[in-house]
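Colleague: The structure under discussion is supplied below as structure tokens; questions concerning it will follow.
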Amino acid sequence: MIPANFEYFAPKTIEEALQLLEQHGEDAKILSGGHSLIPVLKLRLASPGVVIDIGRIAELKAIKVDGSTISIGANATHAEIAANADLKTHCPLLAETAAQIGDQQVRNRGTIGGSLTHADPAADWPAAILALDAEIVARSSQGTRTIKAADFFLDLMTSAVESDEIVTEIRIAKPEQPAAAVYLKVPQSASGFAVIGVAAQLKVTNGKCEAASIGVTGLAPKAFRASSVEAALVGKTLDEAAINAASAKADAEADDAMEDIHASGDYRRHLARVFAKRAVLAAAAKA
Amino acid sequence: MKISLSINGTSYDTDVEPRLLLVHLLRDVAGLTGTHIGCETSICGACTVMINGKTAKSCCVLAVQADGAEVTTIEGMAQDGQLHPVQEAFWEKHGLQCGYCTPGMIMAVCGLLKDNPNPTDDQIRHGIEGNLCRCTGYQNIVEAVKYSAEKLNAQK
């Protein structure tokens with residue numbers, strides 16, 4: 001499988017990349033690690049005339065934890081996020097999710113910015129990004145805007161990133177109770193993509209749930225916040241009955257369920273409920 | 001586009017189409033056919049090489065992305081006619097049958113043992129999850145990884 005031919009640029013700065021993007025417009029695609037775009041090029045699902053490789057822009061790689069904010073550069077690889085000691089302490093959900101993506105080779109090359117922009121409905125990052133209520137920073141030559149995770153995933157393989165924009169950074173407010181979090185998935189056994197993935201970030205005081213945010217990937221054409229589960233948990237003592245009742249609503253926000261040879265829509269809905277329950281139980285146990 | 005990179009310590013300056021995949025550069029331009037092409041969809045791991053010391057699936061990397069990089073393939077493992085300890089371990093423990101996955105598997109194992117010199121069985125199985133073997137059932141590969149770890153640790 002060989003991609004169609006294209007013109008290639010490897011800018012060293014964001015400004016240079018944005019200028020190239022403005023110049024080539026809809027005909028250009030952004031390449032970072034290449035683990036979303038290159039398979040698409042090889043299958044010729046896309047044949048852009050121009051590929052702009054942002055992989056050499058060093059400033060997009062930084063992972064910073066200071067004060068109340070975590071900032072992850074769009075070019076940070078899954079492996080770098082999985083191994084980052086600050087993230088393990090201040091936001092273990094990120095490191096734990098990164099470690100469950102694909103396999104080591106994929107994690108060594110694939111980037112968080114690329115994966116999010118690609119918006120694969122079975123990708124792992126969306127669940128965690130939603131559960132952490134992250135903001136995605138996108139830049140164009142016109143300026144910078146931040147997009148809330150809840151507004152970022154629009155549809156199957158469609159994110160809110162415009163064709164003249166580059167995702168530069170993911171910003172997350174440090175969770176109040178970092179340890180009370182978990183990402184659980186059912187991996188598709190060949191690709192490792194999530195048949196279902198559920199990320200939960202809780203705040204629990206004396207067994208009582210004070211805050212809950214749950215992200216679900218793999219079920220619907222776009223990842224979503226399981227708001228019904230969250231509403232049913234907040235204010236409750238996290239006993240098994242309360243968690244059962246709440247997690248039964250894990251598919252409530254999914255109007256459509258995806259179906260393929262790996263899992264029917266009904267089975268995916270079932271898995272979402274089961275894994276929401278397991279995720280909340282596991283996160284509560286770590287609180 | 002002109003690129004220059006090091007493959008197994010040898011410098012290559014070459015002019016490539018931007019769409020050329022690294023695996024094709026290795027096999028067709030450099031003539032290093034030890035790196036195999038399997039699934040071509042970044043799942044099977046047969047094409048695994050090291051780029052700047054980190055494992056990567058070379059069917060999912062453009063040659064131009066490797067401009068300036070140091071690439072190591074299976075041909076770069078043996079030194080002075082002596083098999084690398086991981087190669088020797090696959091030989092000793094019979095960690096292969098048809099051998100198609102073996103070059104990629106050995107590169108992945110080198111990456112795994114670099115990060116974790118004493119992996120548990122579970123960590124070994126997870127560490128090579130990006131490399132599919134359709135012959136062995138993995139048991140002898142896991143044995144070979146353990147033997148490799150012993151050999152490499154004894155060298156330190």
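Residue numbering restarts at 1 in every chain; chains get A, B, ... in the order shown in the structure tokens, and ligands count up from 1 in that same order.
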Please identify the helix (DSSP H, G or I) residues within segment 83-273 of chain A (assignment by DSSP from backbone atoms) and present them as a VMD selection string.
Modeller: chain A and resid 83 85 to 90 92 to 99 104 to 109 112 to 118 125 to 131 149 to 152 227 to 233 240 to 247 265 to 273
Colleague: Specify as number ranges by chain all residues of chain B found within 10 Å of chain A, counting only C-alpha atoms.
Modeller: B: 1, 17-21, 24, 39-45, 48-51, 54-62, 64-65, 108, 111-112, 126-132
Colleague: Print the selection's residues with C-alpha atoms to a file, as an mmCIF file, in the first residue's frame.
Modeller:
data_model
loop_
_atom_site.group_PDB
_atom_site.id
_atom_site.type_symbol
_atom_site.label_atom_id
_atom_site.label_comp_id
_atom_site.auth_asym_id
_atom_site.auth_seq_id
_atom_site.Cartn_x
_atom_site.Cartn_y
_atom_site.Cartn_z
ATOM 1 C CA MET B 1 13.455 15.256 -1.612
ATOM 2 C CA GLU B 17 9.659 10.761 -3.062
ATOM 3 C CA PRO B 18 7.977 12.102 0.095
ATOM 4 C CA ARG B 19 5.467 9.250 -0.067
ATOM 5 C CA LEU B 20 8.167 6.570 0.224
ATOM 6 C CA LEU B 21 7.662 4.531 3.385
ATOM 7 C CA HIS B 24 10.565 0.498 1.434
ATOM 8 C CA CYS B 39 0.104 -6.443 7.466
ATOM 9 C CA GLU B 40 1.008 -2.951 6.200
ATOM 10 C CA THR B 41 -1.508 -1.522 8.663
ATOM 11 C CA SER B 42 0.760 -1.004 11.709
ATOM 12 C CA ILE B 43 -0.680 -3.972 13.574
ATOM 13 C CA CYS B 44 1.587 -7.013 13.005
ATOM 14 C CA GLY B 45 4.987 -5.551 13.934
ATOM 15 C CA THR B 48 9.682 -3.067 13.574
ATOM 16 C CA VAL B 49 12.998 -1.170 13.594
ATOM 17 C CA MET B 50 14.630 1.285 15.990
ATOM 18 C CA ILE B 51 14.494 4.982 15.172
ATOM 19 C CA LYS B 54 12.928 3.681 20.070
ATOM 20 C CA THR B 55 10.976 0.915 18.382
ATOM 21 C CA ALA B 56 8.739 1.895 15.494
ATOM 22 C CA LYS B 57 6.713 0.173 12.791
ATOM 23 C CA SER B 58 8.533 1.224 9.652
ATOM 24 C CA CYS B 59 5.485 0.626 7.415
ATOM 25 C CA CYS B 60 3.839 3.546 9.210
ATOM 26 C CA VAL B 61 6.713 6.023 8.977
ATOM 27 C CA LEU B 62 7.632 8.091 5.922
ATOM 28 C CA VAL B 64 11.350 11.747 5.040
ATOM 29 C CA GLN B 65 10.288 11.608 8.716
ATOM 30 C CA ALA B 108 10.704 -5.153 19.846
ATOM 31 C CA GLY B 111 13.234 -2.089 23.021
ATOM 32 C CA LEU B 112 11.393 -3.855 25.835
ATOM 33 C CA HIS B 126 2.377 -7.001 27.094
ATOM 34 C CA GLY B 127 5.736 -5.727 25.842
ATOM 35 C CA ILE B 128 5.476 -7.713 22.612
ATOM 36 C CA GLU B 129 1.762 -7.143 22.060
ATOM 37 C CA GLY B 130 2.583 -5.133 18.951
ATOM 38 C CA ASN B 131 4.179 -8.154 17.276
ATOM 39 C CA LEU B 132 2.077 -11.008 15.987
#
Colleague: I need the residue nearest Ala131 of chain A from this list: A:Ala200, A:Val186, A:Ala211, A:Ala246. Use only C-alpha atoms for the distance.
Modeller: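 Counting only C-alpha atoms, the residue closest to Ala131 of chain A is A:Ala200.
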Colleague: Quick one: residues within 9 Å of Leu152 of chain B, only C-alpha atoms, excluding same-chain residues fewer than 6 positions away - as a PyMOL selection string?
Modeller: chain B and resi 85-86+113+117
Colleague: Please compute the atom CA of Asn244 of chain A-atom CA of Ile129 of chain A distance, one decimal, in Å.
Modeller: 24.1 Å
Colleague: Could you pull the residues within 10 Å of Ala74 of chain A, counting only C-alpha atoms, minus those fewer than 5 positions along the same chain, as a list of chain:residue names?
Modeller: A:Ser32, A:Ile54, A:Gly55, A:Glu59, A:Leu60, A:Lys61, A:Ala62, A:Ile63, A:Thr111, A:Ile112, A:Gly113, A:Gly114, A:Ser115, A:Leu116, A:Thr117, A:Ile136, A:Val137, A:Ala138, A:Ile166, A:Val167, A:Thr168, A:Glu169, A:Ile170
Colleague: From the set A:Glu210, A:Glu15, A:Asp151, A:Glu96, which residue has the shortest atom-to-atom contact distance to Leu238 of chain A, counting only C-alpha atoms?
Modeller: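 When distances to Leu238 of chain A are compared using only C-alpha atoms, the smallest one comes from A:Glu210.
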Colleague: I'd like the contact shell of Ser227 of chain A - 12 Å cut-off, only C-alpha atoms, skipping same-chain residues fewer than 6 positions apart - returned as a PyMOL selection string.
Modeller: chain A and resi 130-131+150+200+211-216+233-234+246-247+249-254+276
Colleague: Identify all residues of segment 31-254 of chain A in strand (DSSP E) (DSSP on the backbone) and supply them as number ranges by chain.
Modeller: A: 31, 50-53, 63-66, 69-73, 135-140, 143-148, 153-155, 158-159, 166-173, 181-187, 194-205, 208-217, 224-225
Colleague: Taking only C-alpha atoms into account, which of B:Gly76, B:Gly68, B:Gly53, B:Gly38 comes nearest Tyr12 of chain B?
Modeller: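 The closest residue to Tyr12 of chain B is B:Gly68.
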Colleague: Any idea what's packed within 9 Å of Glu150 of chain B, counting only C-alpha atoms, ignoring anything in its chain fewer than 4 positions away? Could you give it as a VMD selection string?
Modeller: chain B and resid 117 to 118 145 to 146 154 to 155
